[in-house]
file run.csv (CSV, C-alpha atoms)
chain,number,residue,atom,x,y,z
A,1,MET,CA,-48.1,46.7,-73.6
A,2,VAL,CA,-48.6,47.4,-69.9
A,3,SER,CA,-48.1,51.1,-70.3
A,4,ARG,CA,-50.7,51.1,-73.2
A,5,LEU,CA,-53.1,49.2,-71.0
A,6,LYS,CA,-52.5,51.5,-68.1
A,7,LYS,CA,-54.8,53.9,-70.0
A,8,LEU,CA,-57.6,51.5,-69.3
A,9,LEU,CA,-57.4,52.1,-65.6
A,10,GLY,CA,-60.6,53.6,-64.3
A,11,GLN,CA,-62.5,51.6,-66.9
A,12,GLU,CA,-63.6,48.0,-66.4
A,13,LEU,CA,-61.2,45.5,-68.0
A,14,GLY,CA,-62.7,43.2,-70.6
A,15,CYS,CA,-61.9,39.7,-71.7
A,16,TYR,CA,-59.6,41.0,-74.5
A,17,ASP,CA,-57.7,43.0,-72.0
A,18,MET,CA,-57.3,39.9,-69.8
A,19,HIS,CA,-55.6,38.1,-72.7
A,20,ARG,CA,-53.2,41.1,-73.3
A,21,LEU,CA,-52.3,41.1,-69.6
A,22,LEU,CA,-52.2,37.4,-69.0
A,23,PHE,CA,-48.4,37.0,-69.4
A,24,ASP,CA,-47.5,39.7,-66.9
A,25,TYR,CA,-50.2,38.6,-64.6
A,26,ALA,CA,-48.8,35.0,-64.5
A,27,GLN,CA,-45.2,36.4,-64.2
A,28,GLU,CA,-46.4,38.6,-61.3
A,29,THR,CA,-44.8,41.6,-63.1
A,30,LEU,CA,-48.1,43.5,-63.4
A,31,PRO,CA,-48.3,46.9,-61.6
A,32,ALA,CA,-50.5,46.6,-58.5
A,33,ASP,CA,-53.3,48.8,-60.0
A,34,LEU,CA,-53.5,46.7,-63.1
A,35,LYS,CA,-53.3,43.5,-61.1
A,36,ALA,CA,-56.2,44.7,-59.0
A,37,ALA,CA,-58.2,45.4,-62.1
A,38,MET,CA,-57.4,41.9,-63.5
A,39,ASP,CA,-58.4,40.3,-60.2
A,40,GLU,CA,-61.7,42.2,-60.3
A,41,HIS,CA,-62.4,41.0,-63.9
A,42,LEU,CA,-61.4,37.4,-63.0
A,43,LYS,CA,-63.8,37.4,-60.1
A,44,ASP,CA,-66.8,38.1,-62.4
A,45,CYS,CA,-65.7,36.1,-65.5
A,46,PRO,CA,-65.5,32.3,-65.1
A,47,PRO,CA,-64.2,31.7,-68.6
A,48,CYS,CA,-61.3,34.1,-68.1
A,49,LEU,CA,-60.6,32.6,-64.7
A,50,ASP,CA,-60.5,29.1,-66.2
A,51,TYR,CA,-58.3,30.3,-69.0
A,52,MET,CA,-55.9,31.9,-66.5
A,53,LYS,CA,-55.9,28.7,-64.3
A,54,THR,CA,-55.1,26.4,-67.2
A,55,TYR,CA,-52.3,28.8,-68.4
A,56,ARG,CA,-50.7,28.6,-64.9
A,57,ALA,CA,-51.3,24.9,-64.8
A,58,THR,CA,-49.4,24.6,-68.1
A,59,ILE,CA,-46.4,26.3,-66.6
A,60,GLY,CA,-46.6,24.0,-63.6
A,61,ALA,CA,-46.9,20.9,-65.7
A,62,THR,CA,-44.0,21.9,-67.9
A,63,ARG,CA,-41.8,22.4,-64.8
A,64,ASP,CA,-42.9,19.2,-63.1
A,65,CYS,CA,-42.9,16.9,-66.1
A,66,CYS,CA,-39.8,18.1,-68.0
A,67,GLN,CA,-37.0,17.9,-65.5
A,68,PRO,CA,-34.0,16.6,-67.4
A,69,ALA,CA,-32.5,13.1,-67.0
A,70,MET,CA,-29.9,12.6,-64.3
A,71,GLU,CA,-27.7,9.9,-65.8
A,72,MET,CA,-24.6,10.6,-67.7
A,73,PRO,CA,-23.7,7.8,-70.3
A,74,ALA,CA,-20.6,5.8,-69.4
A,75,GLU,CA,-19.0,6.7,-72.7
A,76,LEU,CA,-19.3,10.4,-71.9
A,77,LYS,CA,-17.9,9.9,-68.4
A,78,ARG,CA,-14.8,8.2,-69.9
A,79,LYS,CA,-14.4,10.9,-72.5
A,80,LEU,CA,-14.6,13.7,-69.9
A,81,GLN,CA,-12.2,11.9,-67.5
A,82,ASP,CA,-9.7,11.7,-70.3
A,83,PHE,CA,-10.3,15.3,-71.1
A,84,ILE,CA,-9.7,16.4,-67.5
A,85,ALA,CA,-6.5,14.3,-67.3
A,86,LYS,CA,-5.1,16.2,-70.3
A,87,LEU,CA,-5.9,19.7,-68.8
B,7,MET,CA,-13.2,3.7,-51.7
B,8,SER,CA,-16.3,5.9,-51.1
B,9,ALA,CA,-16.5,9.1,-53.1
B,10,ARG,CA,-15.8,12.3,-51.3
B,11,VAL,CA,-18.8,14.4,-50.6
B,12,THR,CA,-18.2,18.1,-51.6
B,13,THR,CA,-20.2,21.1,-50.9
B,14,PRO,CA,-20.8,23.7,-53.6
B,15,THR,CA,-18.6,26.2,-51.7
B,16,ASP,CA,-15.8,23.7,-51.5
B,17,LEU,CA,-16.1,22.9,-55.2
B,18,VAL,CA,-16.0,26.5,-56.2
B,19,ALA,CA,-13.0,27.2,-54.0
B,20,ARG,CA,-11.1,24.2,-55.4
B,21,LEU,CA,-12.0,25.1,-59.0
B,22,LYS,CA,-10.8,28.6,-58.5
B,23,ALA,CA,-7.5,27.2,-57.0
B,24,ARG,CA,-7.2,25.2,-60.3
B,25,ASP,CA,-7.6,21.8,-58.6
B,26,LYS,CA,-8.4,19.3,-61.4
B,27,THR,CA,-9.8,16.8,-58.9
B,28,ALA,CA,-12.6,19.3,-58.3
B,29,LEU,CA,-13.7,18.9,-61.9
B,30,GLU,CA,-13.9,15.1,-61.3
B,31,ASP,CA,-16.1,15.7,-58.3
B,32,LEU,CA,-18.2,18.2,-60.2
B,33,LEU,CA,-18.8,15.6,-62.9
B,34,ARG,CA,-19.7,12.9,-60.4
B,35,GLU,CA,-22.1,15.1,-58.5
B,36,HIS,CA,-23.6,17.3,-61.3
B,37,GLY,CA,-22.6,15.6,-64.6
B,38,GLY,CA,-25.8,13.7,-65.0
B,39,ARG,CA,-27.9,16.8,-64.7
B,40,LEU,CA,-25.6,18.8,-67.0
B,41,TYR,CA,-26.0,16.1,-69.6
B,42,GLY,CA,-29.8,16.1,-69.0
B,43,VAL,CA,-30.0,19.9,-69.6
B,44,ALA,CA,-27.9,19.6,-72.8
B,45,LEU,CA,-29.8,16.6,-74.1
B,46,GLN,CA,-33.2,18.2,-73.5
B,47,ILE,CA,-32.2,21.2,-75.6
B,48,MET,CA,-30.2,19.4,-78.3
B,49,ARG,CA,-32.4,16.2,-78.6
B,50,ASN,CA,-29.3,14.4,-79.9
B,51,GLU,CA,-27.0,12.3,-77.7
B,52,THR,CA,-23.8,12.9,-79.6
B,53,GLU,CA,-24.3,16.7,-79.8
B,54,ALA,CA,-25.4,16.8,-76.1
B,55,GLN,CA,-22.2,15.0,-75.1
B,56,GLU,CA,-20.2,17.6,-77.1
B,57,ALA,CA,-22.1,20.4,-75.4
B,58,VAL,CA,-21.3,18.9,-71.9
B,59,GLN,CA,-17.6,18.9,-72.9
B,60,ASP,CA,-17.9,22.6,-74.0
B,61,ALA,CA,-19.6,23.4,-70.7
B,62,LEU,CA,-16.8,21.8,-68.8
B,63,ILE,CA,-14.3,23.9,-70.6
B,64,THR,CA,-16.4,27.0,-69.8
B,65,ILE,CA,-16.7,26.1,-66.2
B,66,TRP,CA,-12.9,25.5,-65.9
B,67,ASN,CA,-12.0,28.7,-67.7
B,68,LYS,CA,-14.7,31.0,-66.3
B,69,ILE,CA,-15.1,29.8,-62.7
B,70,ASP,CA,-13.6,33.2,-61.6
B,71,GLN,CA,-16.7,34.9,-63.0
B,72,PHE,CA,-19.0,32.9,-60.6
B,73,GLU,CA,-19.6,35.4,-57.9
B,74,GLY,CA,-22.1,33.5,-55.9
B,75,ARG,CA,-25.1,35.7,-56.8
B,76,SER,CA,-27.0,32.6,-57.8
B,77,ALA,CA,-26.7,29.1,-56.5
B,78,PHE,CA,-23.7,27.2,-58.0
B,79,THR,CA,-26.0,24.5,-59.4
B,80,THR,CA,-28.1,27.2,-61.2
B,81,TRP,CA,-24.9,28.7,-62.7
B,82,LEU,CA,-23.8,25.2,-63.8
B,83,HIS,CA,-27.1,24.5,-65.5
B,84,ARG,CA,-27.0,27.8,-67.3
B,85,VAL,CA,-23.5,27.1,-68.5
B,86,ALA,CA,-24.7,23.7,-69.9
B,87,ALA,CA,-27.8,25.3,-71.4
B,88,ASN,CA,-25.7,28.0,-73.1
B,89,ALA,CA,-23.3,25.5,-74.5
B,90,ALA,CA,-26.2,23.5,-75.9
B,91,LEU,CA,-27.8,26.7,-77.4
B,92,MET,CA,-24.5,27.8,-79.0
B,93,LYS,CA,-24.4,24.4,-80.7
B,94,LEU,CA,-28.0,24.6,-81.8
B,95,ARG,CA,-27.4,28.0,-83.3
B,96,LYS,CA,-24.2,26.9,-85.0
B,97,ASN,CA,-26.0,23.9,-86.5
B,98,LYS,CA,-28.8,26.3,-87.6
B,99,LYS,CA,-31.4,24.3,-85.7
B,100,PHE,CA,-32.5,27.3,-83.8
B,101,GLU,CA,-34.4,29.2,-86.4
B,102,GLN,CA,-35.8,32.6,-85.5
B,103,HIS,CA,-38.5,33.7,-87.8
B,104,VAL,CA,-41.1,34.8,-85.3
B,105,SER,CA,-43.6,37.6,-85.7
B,106,LEU,CA,-44.1,39.7,-82.6
B,107,GLU,CA,-47.3,41.3,-83.9
B,108,SER,CA,-49.7,38.3,-83.7
B,109,ASP,CA,-50.1,38.2,-80.0
B,110,GLY,CA,-53.8,37.7,-79.6
B,111,PRO,CA,-55.1,35.0,-77.3
B,112,ASP,CA,-55.1,32.0,-79.7
B,113,HIS,CA,-54.3,33.7,-82.9
B,114,ASP,CA,-51.6,32.3,-85.1
B,115,LEU,CA,-50.0,30.1,-82.4
B,116,PRO,CA,-47.3,27.7,-83.1
B,117,VAL,CA,-48.9,24.4,-84.1
B,118,ILE,CA,-48.4,21.3,-82.0
B,119,GLN,CA,-49.4,18.0,-83.6
B,120,LEU,CA,-49.9,15.3,-81.0
B,121,ALA,CA,-50.7,11.6,-81.7
B,122,ASP,CA,-54.1,10.5,-80.5
B,123,PRO,CA,-53.9,9.4,-76.9
B,124,ARG,CA,-54.7,5.7,-76.3
B,125,GLU,CA,-56.9,6.8,-73.4
B,126,GLY,CA,-58.9,10.0,-73.3
B,127,PRO,CA,-58.3,12.5,-70.5
B,128,GLY,CA,-60.3,11.9,-67.4
B,129,GLU,CA,-60.0,11.2,-63.7
B,130,THR,CA,-58.4,7.9,-64.4
B,131,MET,CA,-55.4,9.5,-66.1
B,132,LEU,CA,-52.3,8.7,-64.3
B,133,ARG,CA,-49.7,11.3,-63.5
B,134,GLY,CA,-47.2,9.5,-65.6
B,135,GLU,CA,-49.5,9.7,-68.6
B,136,LEU,CA,-49.9,13.5,-68.1
B,137,GLY,CA,-46.1,13.7,-67.9
B,138,ASN,CA,-45.8,11.8,-71.3
B,139,ARG,CA,-48.4,14.1,-72.8
B,140,VAL,CA,-46.6,17.2,-71.6
B,141,ARG,CA,-43.2,16.0,-72.8
B,142,GLU,CA,-44.6,15.0,-76.2
B,143,ALA,CA,-46.2,18.5,-76.5
B,144,ILE,CA,-43.0,20.3,-75.6
B,145,ASP,CA,-41.1,18.1,-78.0
B,146,ALA,CA,-43.6,19.0,-80.8
B,147,LEU,CA,-43.3,22.7,-80.1
B,148,PRO,CA,-41.4,24.4,-82.9
B,149,GLU,CA,-38.2,26.4,-82.3
B,150,PRO,CA,-37.6,28.9,-80.9
B,151,TYR,CA,-40.6,28.4,-78.7
B,152,ARG,CA,-39.5,25.0,-77.4
B,153,THR,CA,-36.1,26.1,-76.2
B,154,THR,CA,-37.5,29.4,-74.8
B,155,VAL,CA,-40.1,27.5,-72.7
B,156,LEU,CA,-37.6,25.0,-71.5
B,157,LEU,CA,-35.1,27.7,-70.4
B,158,SER,CA,-37.7,29.7,-68.7
B,159,ASP,CA,-40.2,27.3,-67.2
B,160,VAL,CA,-37.9,24.3,-66.5
B,161,GLU,CA,-34.4,25.9,-66.0
B,162,GLU,CA,-35.9,29.1,-64.5
B,163,MET,CA,-33.5,31.3,-66.4
B,164,PRO,CA,-34.2,35.0,-66.2
B,165,MET,CA,-35.6,36.7,-69.4
B,166,GLU,CA,-32.4,38.8,-69.8
B,167,GLU,CA,-30.3,35.6,-69.8
B,168,ILE,CA,-32.5,33.8,-72.2
B,169,ALA,CA,-32.4,36.9,-74.5
B,170,ALA,CA,-28.6,36.9,-74.3
B,171,ALA,CA,-28.3,33.2,-74.9
B,172,THR,CA,-30.7,33.1,-77.8
B,173,ASP,CA,-29.5,36.4,-79.4
B,174,ALA,CA,-33.0,37.9,-79.1
B,175,SER,CA,-34.5,41.0,-77.4
B,176,VAL,CA,-36.2,40.6,-74.0
B,177,PRO,CA,-39.6,41.5,-75.6
B,178,ALA,CA,-39.0,38.8,-78.2
B,179,VAL,CA,-38.3,36.3,-75.5
B,180,LYS,CA,-41.4,37.2,-73.6
B,181,SER,CA,-43.5,36.9,-76.8
B,182,ARG,CA,-42.0,33.5,-77.6
B,183,LEU,CA,-42.5,32.3,-74.1
B,184,HIS,CA,-46.1,33.4,-73.9
B,185,ARG,CA,-47.0,32.0,-77.3
B,186,GLY,CA,-45.2,28.8,-76.6
B,187,ARG,CA,-47.2,28.5,-73.3
B,188,LEU,CA,-50.5,29.3,-75.1
B,189,ALA,CA,-49.8,26.6,-77.7
B,190,LEU,CA,-49.0,24.1,-75.0
B,191,ARG,CA,-52.1,25.1,-73.0
B,192,LYS,CA,-54.3,24.6,-76.1
B,193,VAL,CA,-53.3,21.0,-76.5
B,194,LEU,CA,-52.9,20.1,-72.8
B,195,GLU,CA,-56.1,21.8,-71.6
B,196,PRO,CA,-58.1,18.6,-71.5
B,197,TYR,CA,-55.5,17.0,-69.3
B,198,LEU,CA,-54.8,19.9,-66.9
B,199,GLU,CA,-56.2,20.3,-63.4
B,200,GLN,CA,-57.1,23.9,-63.0
call {"tool": "encode", "arguments": {"input": "run.csv", "output": "structure tokens"}}
result
Amino acid sequence: MVSRLKKLLGQELGCYDMHRLLFDYAQETLPADLKAAMDEHLKDCPPCLDYMKTYRATIGATRDCCQPAMEMPAELKRKLQDFIAKL
Amino acid sequence: MSARVTTPTDLVARLKARDKTALEDLLREHGGRLYGVALQIMRNETEAQEAVQDALITIWNKIDQFEGRSAFTTWLHRVAANAALMKLRKNKKFEQHVSLESDGPDHDLPVIQLADPREGPGETMLRGELGNRVREAIDALPEPYRTTVLLSDVEEMPMEEIAAATDASVPAVKSRLHRGRLALRKVLEPYLEQ
């Protein structure tokens, strides 16, 4: 994907290109030249900027809101203690 | 008697020395989180409990493979996540029929059906309500997107590890993760602060 889009360098990136590069942009795995081209596009395109921000906010909300529970049921504790004793 | 406080380094050393009391300490200090990781992936308490037991066996048998390249807690969570994933796959709950071609912005995304919120989004929305909405959306995300998003964005597993754990290629994992995020973004957009 990125290598194909590298051919775009030297041209102005469009909104479609932004969507193709969004994943690598958010992962911070985009090569510097493509990242700079993305930044340039985002600077002049409020809809793409909003889209990218909500994409990042989705990642943040997932991380913040889905931390697993921290309590082990008493039944499981007993089972595992029995299991350890038999090791 | 107060419980002994153990550092990760101490726990690893004792596990490697085959000290069974280290397993008890490990359960006391990390058992809740291991169960939480397994439950989030399995969504079934009985199966999650079995996965934790499987994880404990793996920790005991493979502790020598822990070389300290990641934090011990990260390694433990990955062992628990892998144990849960193996069970999901064994129970055929982790279906993998995903096209890699349809990767346009919102084209052919996995569909998330959410119940109507009691209150619409807005400035008055409490953080807890956003949390409920996000968890509901993740829960409604079809497999393999749901597990891929959880492993990457909650457990922070590297792509290569997710690929190995889910028996998929790295490009497939990236595609699933991206499409899962896009599907979540689509339903959560009204609630998200940019």
call {"tool": "closest_residue", "arguments": {"input": "run.csv", "among": "A:Thr62, A:Phe83, A:Met70, A:Thr29", "to": "His36 in chain B", "atoms": "only C-alpha atoms"}}
result
A:Met70
call {"tool": "residues_near_point", "arguments": {"input": "run.csv", "point": "(-47.2, 15.7, -63.6)", "cutoff": "12 Å", "atoms": "all atoms listed in the file", "output": "ChimeraX atom specification"}}
result
/A:57-67 /B:131-141,194,197-199
call {"tool": "closest_atom_pairs", "arguments": {"input": "run.csv", "of": "chain A", "to": "chain B", "cutoff": "12 Å", "atoms": "all atoms listed in the file", "output": "CSV"}}
result
residue,atom,partner,partner_atom,distance
A:Met1,CA,B:Pro177,CA,10.2
A:Cys15,CA,B:Pro111,CA,10.0
A:Tyr16,CA,B:Pro111,CA,8.0
A:Asp17,CA,B:Pro111,CA,9.9
A:Met18,CA,B:Pro111,CA,9.2
A:His19,CA,B:Pro111,CA,5.6
A:Arg20,CA,B:Gly110,CA,7.2
A:Leu21,CA,B:Pro111,CA,10.2
A:Leu22,CA,B:His184,CA,8.8
A:Phe23,CA,B:His184,CA,6.2
A:Asp24,CA,B:Lys180,CA,9.4
A:Tyr25,CA,B:His184,CA,11.4
A:Ala26,CA,B:His184,CA,9.9
A:Gln27,CA,B:Lys180,CA,10.2
A:Thr29,CA,B:Lys180,CA,11.9
A:Pro47,CA,B:Gln200,CA,11.9
A:Cys48,CA,B:Pro111,CA,11.1
A:Leu49,CA,B:Gln200,CA,9.5
A:Asp50,CA,B:Gln200,CA,7.0
A:Tyr51,CA,B:Gln200,CA,8.9
A:Met52,CA,B:Gln200,CA,8.8
A:Lys53,CA,B:Gln200,CA,5.1
A:Thr54,CA,B:Gln200,CA,5.3
A:Tyr55,CA,B:Arg191,CA,5.9
A:Arg56,CA,B:Gln200,CA,8.2
A:Ala57,CA,B:Gln200,CA,6.2
A:Thr58,CA,B:Arg191,CA,5.6
A:Ile59,CA,B:Asp159,CA,6.3
A:Gly60,CA,B:Asp159,CA,8.1
A:Ala61,CA,B:Val140,CA,7.0
A:Thr62,CA,B:Val140,CA,6.5
A:Arg63,CA,B:Val160,CA,4.7
A:Asp64,CA,B:Val160,CA,7.9
A:Cys65,CA,B:Gly137,CA,4.9
A:Cys66,CA,B:Arg141,CA,6.2
A:Gln67,CA,B:Val160,CA,6.5
A:Pro68,CA,B:Gly42,CA,4.5
A:Ala69,CA,B:Gly42,CA,4.5
A:Met70,CA,B:Gly38,CA,4.3
A:Glu71,CA,B:Gly38,CA,4.3
A:Met72,CA,B:Gly38,CA,4.3
A:Pro73,CA,B:Gly38,CA,8.2
A:Ala74,CA,B:Gly38,CA,10.4
A:Glu75,CA,B:Gln55,CA,9.2
A:Leu76,CA,B:Gln55,CA,6.3
A:Lys77,CA,B:Leu33,CA,8.0
A:Arg78,CA,B:Leu33,CA,10.9
A:Lys79,CA,B:Gln59,CA,8.6
A:Leu80,CA,B:Gln59,CA,6.7
A:Gln81,CA,B:Glu30,CA,7.2
A:Asp82,CA,B:Glu30,CA,10.5
A:Phe83,CA,B:Gln59,CA,8.3
A:Ile84,CA,B:Lys26,CA,6.9
A:Ala85,CA,B:Lys26,CA,8.0
A:Lys86,CA,B:Lys26,CA,10.0
A:Leu87,CA,B:Lys26,CA,7.8
call {"tool": "atom_distance", "arguments": {"input": "run.csv", "atom1": "CA of Gly186 in chain B", "atom2": "CA of Tyr151 in chain B"}}
result
5.1 Å
call {"tool": "atom_distance", "arguments": {"input": "run.csv", "atom1": "CA of Asp25 in chain B", "atom2": "CA of Val85 in chain B"}}
result
19.5 Å
call {"tool": "atom_distance", "arguments": {"input": "run.csv", "atom1": "CA of Met165 in chain B", "atom2": "CA of His41 in chain A"}}
result
27.7 Å
call {"tool": "closest_residue", "arguments": {"input": "run.csv", "among": "B:Pro116, B:Asn50, B:Phe72, B:Ala57", "to": "Lys22 in chain B", "atoms": "only C-alpha atoms"}}
result
B:Phe72
